[in-house]
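J.: Coordinates in entry_16.txt, compact mmCIF, C-alpha atoms, are listed below.
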```
# COMPACT_ATOMS: atom_id res chain seq x y z
CA MET A 25 -6.33 3.79 -13.10
CA GLN A 26 -9.43 3.51 -10.94
CA ILE A 27 -9.48 4.29 -7.23
CA LYS A 28 -11.95 3.57 -4.47
CA TYR A 29 -12.17 4.02 -0.72
CA SER A 30 -14.50 1.59 1.04
CA ASP A 31 -15.81 2.43 4.49
CA LYS A 32 -16.61 -1.24 5.12
CA LYS A 33 -14.09 -2.87 7.44
CA LEU A 34 -12.20 -5.81 5.94
CA THR A 35 -9.54 -7.98 7.55
CA TYR A 36 -6.45 -8.32 5.38
CA THR A 37 -5.08 -11.89 5.60
CA GLY A 38 -2.86 -12.02 2.52
CA LYS A 39 -5.44 -14.01 0.54
CA GLU A 40 -6.73 -10.69 -0.82
CA LEU A 41 -3.45 -10.27 -2.71
CA SER A 42 -4.74 -12.30 -5.64
CA SER A 43 -5.80 -11.84 -9.24
CA LEU A 44 -9.16 -10.14 -9.73
CA PHE A 45 -9.89 -9.77 -6.01
CA ILE A 46 -10.51 -6.06 -6.55
CA PHE A 47 -12.88 -6.83 -9.43
CA HIS A 48 -14.86 -9.37 -7.39
CA LYS A 49 -14.92 -7.47 -4.07
CA PHE A 50 -15.02 -3.82 -5.22
CA ASN A 51 -16.40 -4.17 -8.77
CA LEU A 52 -13.43 -2.36 -10.36
CA GLN A 53 -12.21 -4.00 -13.56
CA GLY A 54 -8.74 -3.09 -14.80
CA ASP A 55 -5.90 -1.21 -13.16
CA ALA A 56 -7.08 -0.15 -9.71
CA LEU A 57 -6.03 0.88 -6.23
CA VAL A 58 -8.50 0.50 -3.37
CA SER A 59 -8.29 1.44 0.29
CA PHE A 60 -10.10 0.20 3.36
CA GLN A 61 -9.60 -0.12 7.10
CA GLY A 62 -9.37 -3.31 9.07
CA GLU A 63 -7.28 -5.74 11.01
CA CYS A 64 -4.13 -7.15 9.40
CA ASP A 65 -3.47 -10.80 10.21
CA VAL A 66 -1.14 -12.49 7.74
CA LYS A 67 -0.02 -15.96 8.84
CA LEU A 68 3.13 -17.56 7.41
CA PRO A 69 1.36 -19.75 4.80
CA GLU A 70 -0.19 -16.63 3.20
CA MET A 71 3.00 -14.55 3.29
CA VAL A 72 4.47 -13.46 -0.04
CA ASP A 73 7.68 -12.00 1.45
CA GLN A 74 9.93 -15.03 1.87
CA GLN A 75 12.41 -13.12 4.04
CA ASP A 76 9.61 -12.72 6.58
CA VAL A 77 8.75 -16.41 6.26
CA LYS A 78 12.39 -17.42 6.88
CA ALA A 79 12.46 -15.05 9.88
CA ASN A 80 9.20 -16.60 11.18
CA ALA A 81 7.68 -13.10 11.26
CA PRO A 82 3.94 -13.12 10.61
CA ILE A 83 2.26 -9.72 10.31
CA TYR A 84 -0.36 -8.46 12.72
CA SER A 85 -2.03 -5.16 13.52
CA PRO A 86 -5.41 -4.67 15.18
CA LEU A 87 -6.23 -1.83 12.77
CA MET A 88 -4.57 -0.69 9.57
CA LEU A 89 -5.36 1.53 6.63
CA HIS A 90 -4.91 -0.84 3.69
CA PHE A 91 -4.12 -0.11 0.05
CA LEU A 92 -4.57 -2.97 -2.39
CA GLY A 93 -3.65 -2.59 -6.05
CA GLU A 94 -3.83 -4.66 -9.22
CA PHE A 95 -2.24 -3.65 -12.51
CA PHE A 96 -2.33 -5.43 -15.85
CA GLY A 97 0.43 -5.58 -18.45
CA ASP A 98 3.38 -5.04 -16.12
CA ASP A 99 6.30 -7.13 -14.95
CA LEU A 100 7.45 -7.53 -11.35
CA LYS A 101 10.17 -4.88 -11.67
CA CYS A 102 7.52 -2.34 -12.73
CA ALA A 103 5.31 -3.46 -9.83
CA VAL A 104 8.10 -2.91 -7.30
CA THR A 105 8.80 0.50 -8.86
CA ARG A 106 5.09 1.38 -8.58
CA GLN A 107 5.13 0.18 -4.95
CA ARG A 108 8.10 2.44 -4.17
CA LEU A 109 6.32 5.39 -5.82
CA LEU A 110 3.27 4.71 -3.67
CA MET A 111 5.44 4.62 -0.54
CA ALA A 112 7.20 7.87 -1.53
CA THR A 113 3.79 9.47 -2.13
CA ILE A 114 2.53 8.30 1.26
CA LEU A 115 5.68 9.60 2.96
CA GLU A 116 5.27 13.02 1.34
CA ILE A 117 1.64 13.23 2.45
CA LEU A 118 2.54 12.14 6.01
CA GLN A 119 5.33 14.73 6.18
CA ASN A 120 2.98 17.47 4.99
CA SER A 121 0.15 16.37 7.29
CA ALA A 122 2.25 16.02 10.46
CA PRO A 123 5.52 17.89 9.83
CA ARG A 124 6.78 17.70 13.42
CA ILE A 125 6.98 13.92 13.34
CA PRO A 126 10.29 12.48 12.04
CA TRP A 127 8.85 10.27 9.27
CA LYS A 128 11.38 8.40 7.13
CA ARG A 129 11.24 5.85 4.34
CA THR A 130 13.68 2.98 4.05
CA GLY A 131 12.99 1.02 0.88
CA ASP A 132 9.33 0.04 0.95
CA ASP A 133 8.79 0.76 4.66
CA ILE A 134 8.00 3.94 6.57
CA TYR A 135 9.22 4.50 10.13
CA VAL A 136 9.07 7.03 12.92
CA LYS A 137 12.46 6.56 14.57
CA GLU A 138 12.66 2.76 15.05
CA LYS A 139 8.89 2.28 15.10
CA LYS A 140 7.29 0.74 12.05
CA VAL A 141 4.43 2.63 10.39
CA SER A 142 3.87 0.39 7.38
CA VAL A 143 4.05 -2.97 5.71
CA SER A 144 4.24 -3.29 1.94
CA ILE A 145 4.74 -5.94 -0.72
CA ALA A 146 4.51 -6.25 -4.50
CA THR A 147 4.19 -9.50 -6.42
CA ALA A 148 3.05 -10.93 -9.73
CA SER A 149 0.30 -13.30 -10.80
CA PRO A 150 -0.12 -14.97 -14.20
CA VAL A 151 -2.37 -12.09 -15.36
CA SER A 152 -1.33 -9.04 -13.33
CA THR A 153 0.91 -7.49 -10.74
CA LEU A 154 -0.35 -6.84 -7.25
CA LEU A 155 0.60 -4.70 -4.30
CA HIS A 156 -0.49 -4.29 -0.72
CA THR A 157 0.48 -1.54 1.68
CA GLY A 158 -0.83 -1.22 5.21
CA LEU A 159 -0.40 1.78 7.50
CA ASN A 160 -0.87 1.23 11.21
CA ILE A 161 -3.79 3.20 12.58
CA ILE A 162 -3.33 1.79 16.09
CA SER A 163 0.18 1.11 17.39
CA LYS A 164 -0.68 -1.20 20.30
CA ASN A 165 -0.68 -5.03 20.30
CA THR A 166 1.67 -5.39 17.33
CA PRO A 167 4.55 -7.90 17.22
CA VAL A 168 7.10 -5.14 16.53
CA PRO A 169 7.37 -1.57 17.86
CA ALA A 170 4.84 0.42 15.83
CA PHE A 171 3.65 3.96 15.21
CA GLY A 172 0.12 4.61 14.01
CA LEU A 173 -1.86 7.33 12.31
CA ASN A 174 -3.71 7.81 15.61
CA ASP A 175 -0.39 8.60 17.30
CA ALA A 176 0.02 11.46 14.80
CA GLU A 177 -3.65 12.49 15.22
CA LEU A 178 -4.30 11.85 11.52
CA ASN A 179 -7.72 10.89 10.16
CA PRO A 180 -7.38 7.55 8.31
CA GLU A 181 -10.22 8.16 5.84
CA LYS A 182 -8.93 11.62 4.95
CA MET A 183 -5.42 10.18 4.52
CA ALA A 184 -6.75 7.37 2.32
CA LEU A 185 -8.59 9.74 0.01
CA GLU A 186 -5.58 12.03 -0.36
CA ILE A 187 -3.22 9.12 -1.03
CA LEU A 188 -5.58 7.54 -3.57
CA GLU A 189 -6.13 10.80 -5.44
CA ARG A 190 -2.45 11.78 -5.47
CA PHE A 191 -1.37 8.32 -6.64
CA GLN A 192 -4.03 8.28 -9.36
CA LYS A 193 -2.75 11.65 -10.58
CA GLU A 194 0.84 10.34 -10.63
CA MET A 195 -0.23 7.34 -12.73
CA GLU A 196 -2.19 9.55 -15.14
CA GLU A 197 0.78 11.89 -15.53
CA ILE A 198 3.10 8.95 -16.21
CA GLU A 199 0.77 7.76 -18.96
CA LEU A 200 0.65 11.24 -20.50
CA ALA A 201 4.45 11.56 -20.27
CA ARG A 202 4.76 8.35 -22.32
CA CYS A 203 2.54 9.81 -25.02
CA LYS A 204 4.23 13.17 -25.57
CA VAL A 205 7.66 12.16 -26.78
CA LYS A 206 8.80 11.35 -30.29
CA TRP A 207 11.04 8.43 -31.04
CA VAL A 208 14.73 9.04 -31.64
CA LYS A 209 17.03 7.49 -34.20
```
For this file, produce the structure as C-alpha cells.
T.:
Amino acid sequence: MQIKYSDKKLTYTGKELSSLFIFHKFNLQGDALVSFQGECDVKLPEMVDQQDVKANAPIYSPLMLHFLGEFFGDDLKCAVTRQRLLMATILEILQNSAPRIPWKRTGDDIYVKEKKVSVSIATASPVSTLLHTGLNIISKNTPVPAFGLNDAELNPEKMALEILERFQKEMEEIELARCKVKWVK
C-alpha cells in the first residue's frame, strides 16, 4: 500500500471519494492512502452516508486533516473493517500524543466527551473500495460541537505522517500474516 502526505490544501466535497481520484490527483496507482489539509464541505447530494442525508446533516469544517484511501480487490465489509482499523490506529496515536485528553472511539467516530473529532465513511465503487476520514484541526464554525487537533496542541502534518506510516505498517503486516500460514484439512 502506498502512502502520501500532500502539503497542498484541498477542499474535500465528497466528489473526491471516487474511483481513481488518488491516481489522477496524487499519481498513486493501486492501493493507497493519502492525507492533506483543507476545508470539508460535503453537501447532501454528495453524501454517501444515507443516515446523514435522512437527518439533513451536511458536513462542514473550516479546516480538517483528511485521509482518503482506495483499495482494489475488496468488498464493502472489508472496506468497513479497514476503516475501523484506521480509526483505531488514529485513536491510539491521539491517546499517545495527548494522553491527558479523554479521547474515545465509538464505531467509526472519535470524540472528546460529546465533541466530535472526526468524520469517516467507507463505500464501494465498481472497481474498488474507498474511504474518507477527516479530523478537525479547527473546532470553530462547525454545525455540531467539535474538538480539533489545535485544541490538543497537535501538529496536523506530524499527525498525518505518523498515521500514514503506522497504517501502512499494519497493512503490510496483514499481508505478511496471510502468507505465513499453511492450509488445514
J.: Skipping near chain neighbours, those fewer than 6 positions away, what residues fall within 12 Å of Leu57 of chain A using only C-alpha atoms, listed as number ranges by chain?
T.: A: 25-30, 41, 44-47, 50-51, 90-95, 106-107, 110, 153-157, 184-185, 187-192, 195
J.: Could you jot down the atom CA of Asn179 of chain A to atom CA of Thr166 of chain A separation for me, Å, one decimal place?
T.: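 Taking atom CA of Asn179 of chain A and atom CA of Thr166 of chain A, their separation equals 20.1 Å.
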J.: Which residues, written as a PyMOL selection string, have at least one atom at most 12 Å from Lys182 of chain A, with all atoms listed in the file counted and residues fewer than 6 positions away on the same chain left out?
T.: chain A and resi 29+31+59-61+89+117-118+121+173+188-189
J.: Atom CA of Pro180 of chain A and atom CA of Lys33 of chain A are how many Å apart?
T.: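 Going from atom CA of Pro180 of chain A over to atom CA of Lys33 of chain A covers 12.4 Å.
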J.: Please report the interatomic distance between atom CA of Thr130 of chain A and atom CA of Val66 of chain A in Å with one decimal.
T.: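 Computing the Euclidean distance for atom CA of Thr130 of chain A and atom CA of Val66 of chain A yields 21.7 Å.
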J.: Please list as a list in words every residue within 7 Å of Glu63 of chain A, counting only C-alpha atoms and excluding residues in the same chain fewer than 6 positions away.
T.: Thr35, Tyr36, Ser85, Pro86, Leu87 and Met88 of chain A
J.: Between A:Val58, A:Leu52, A:Ala148, A:Leu200, which has the minimum distance to Ala103 of chain A (counting all atoms listed in the file)?
T.: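 Residue with the minimum atom-to-atom distance to Ala103 of chain A: A:Ala148.
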J.: When distances are computed from all atoms listed in the file, which of A:Glu40, A:Val143, A:Ile134, A:Asp175 shows the smallest separation from Asp73 of chain A?
T.: A:Val143
J.: With only C-alpha atoms as the atoms that count, which of A:Asn80, A:Gln119, A:Asn160, A:Ser42 lies nearest to Ala146 of chain A?
T.: A:Ser42
J.: Mind working out the centre and edge lengths of an axis-aligned box for segment 176-186 of chain A, all listed atoms inside, 3 Å added to each side, rounded to one decimal in Å and written as JSON?
T.:
```
{"center_x": -5.1, "center_y": 9.9, "center_z": 7.4, "size_x": 16.2, "size_y": 11.1, "size_z": 21.6}
```
J.: Which residue out of A:Gly62, A:Gly131, A:Gly38, A:Gly54 has the minimum interatomic distance to Ile162 of chain A when all atoms listed in the file are used?
T.: A:Gly62
J.: Applying 9 Å and all atoms listed in the file, which residues near Gly172 of chain A remain after dropping the ones on its own chain fewer than 5 positions away? List them as a PyMOL selection string.
T.: chain A and resi 88+140-142+159-164+177-178
J.: Give me the residues within 9 Å of Lys67 of chain A as a list in words, counting all atoms listed in the file and dropping any in the same chain fewer than 5 places off.
T.: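 These residues fall inside the cut-off: Thr37, Gly38, Ala81, Pro82, Ile83 and Tyr84 of chain A.
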J.: Which is closest to Glu186 of chain A among A:Ile145, A:Leu115, A:Ala79, A:Val151, if we use all atoms listed in the file?
T.: A:Leu115
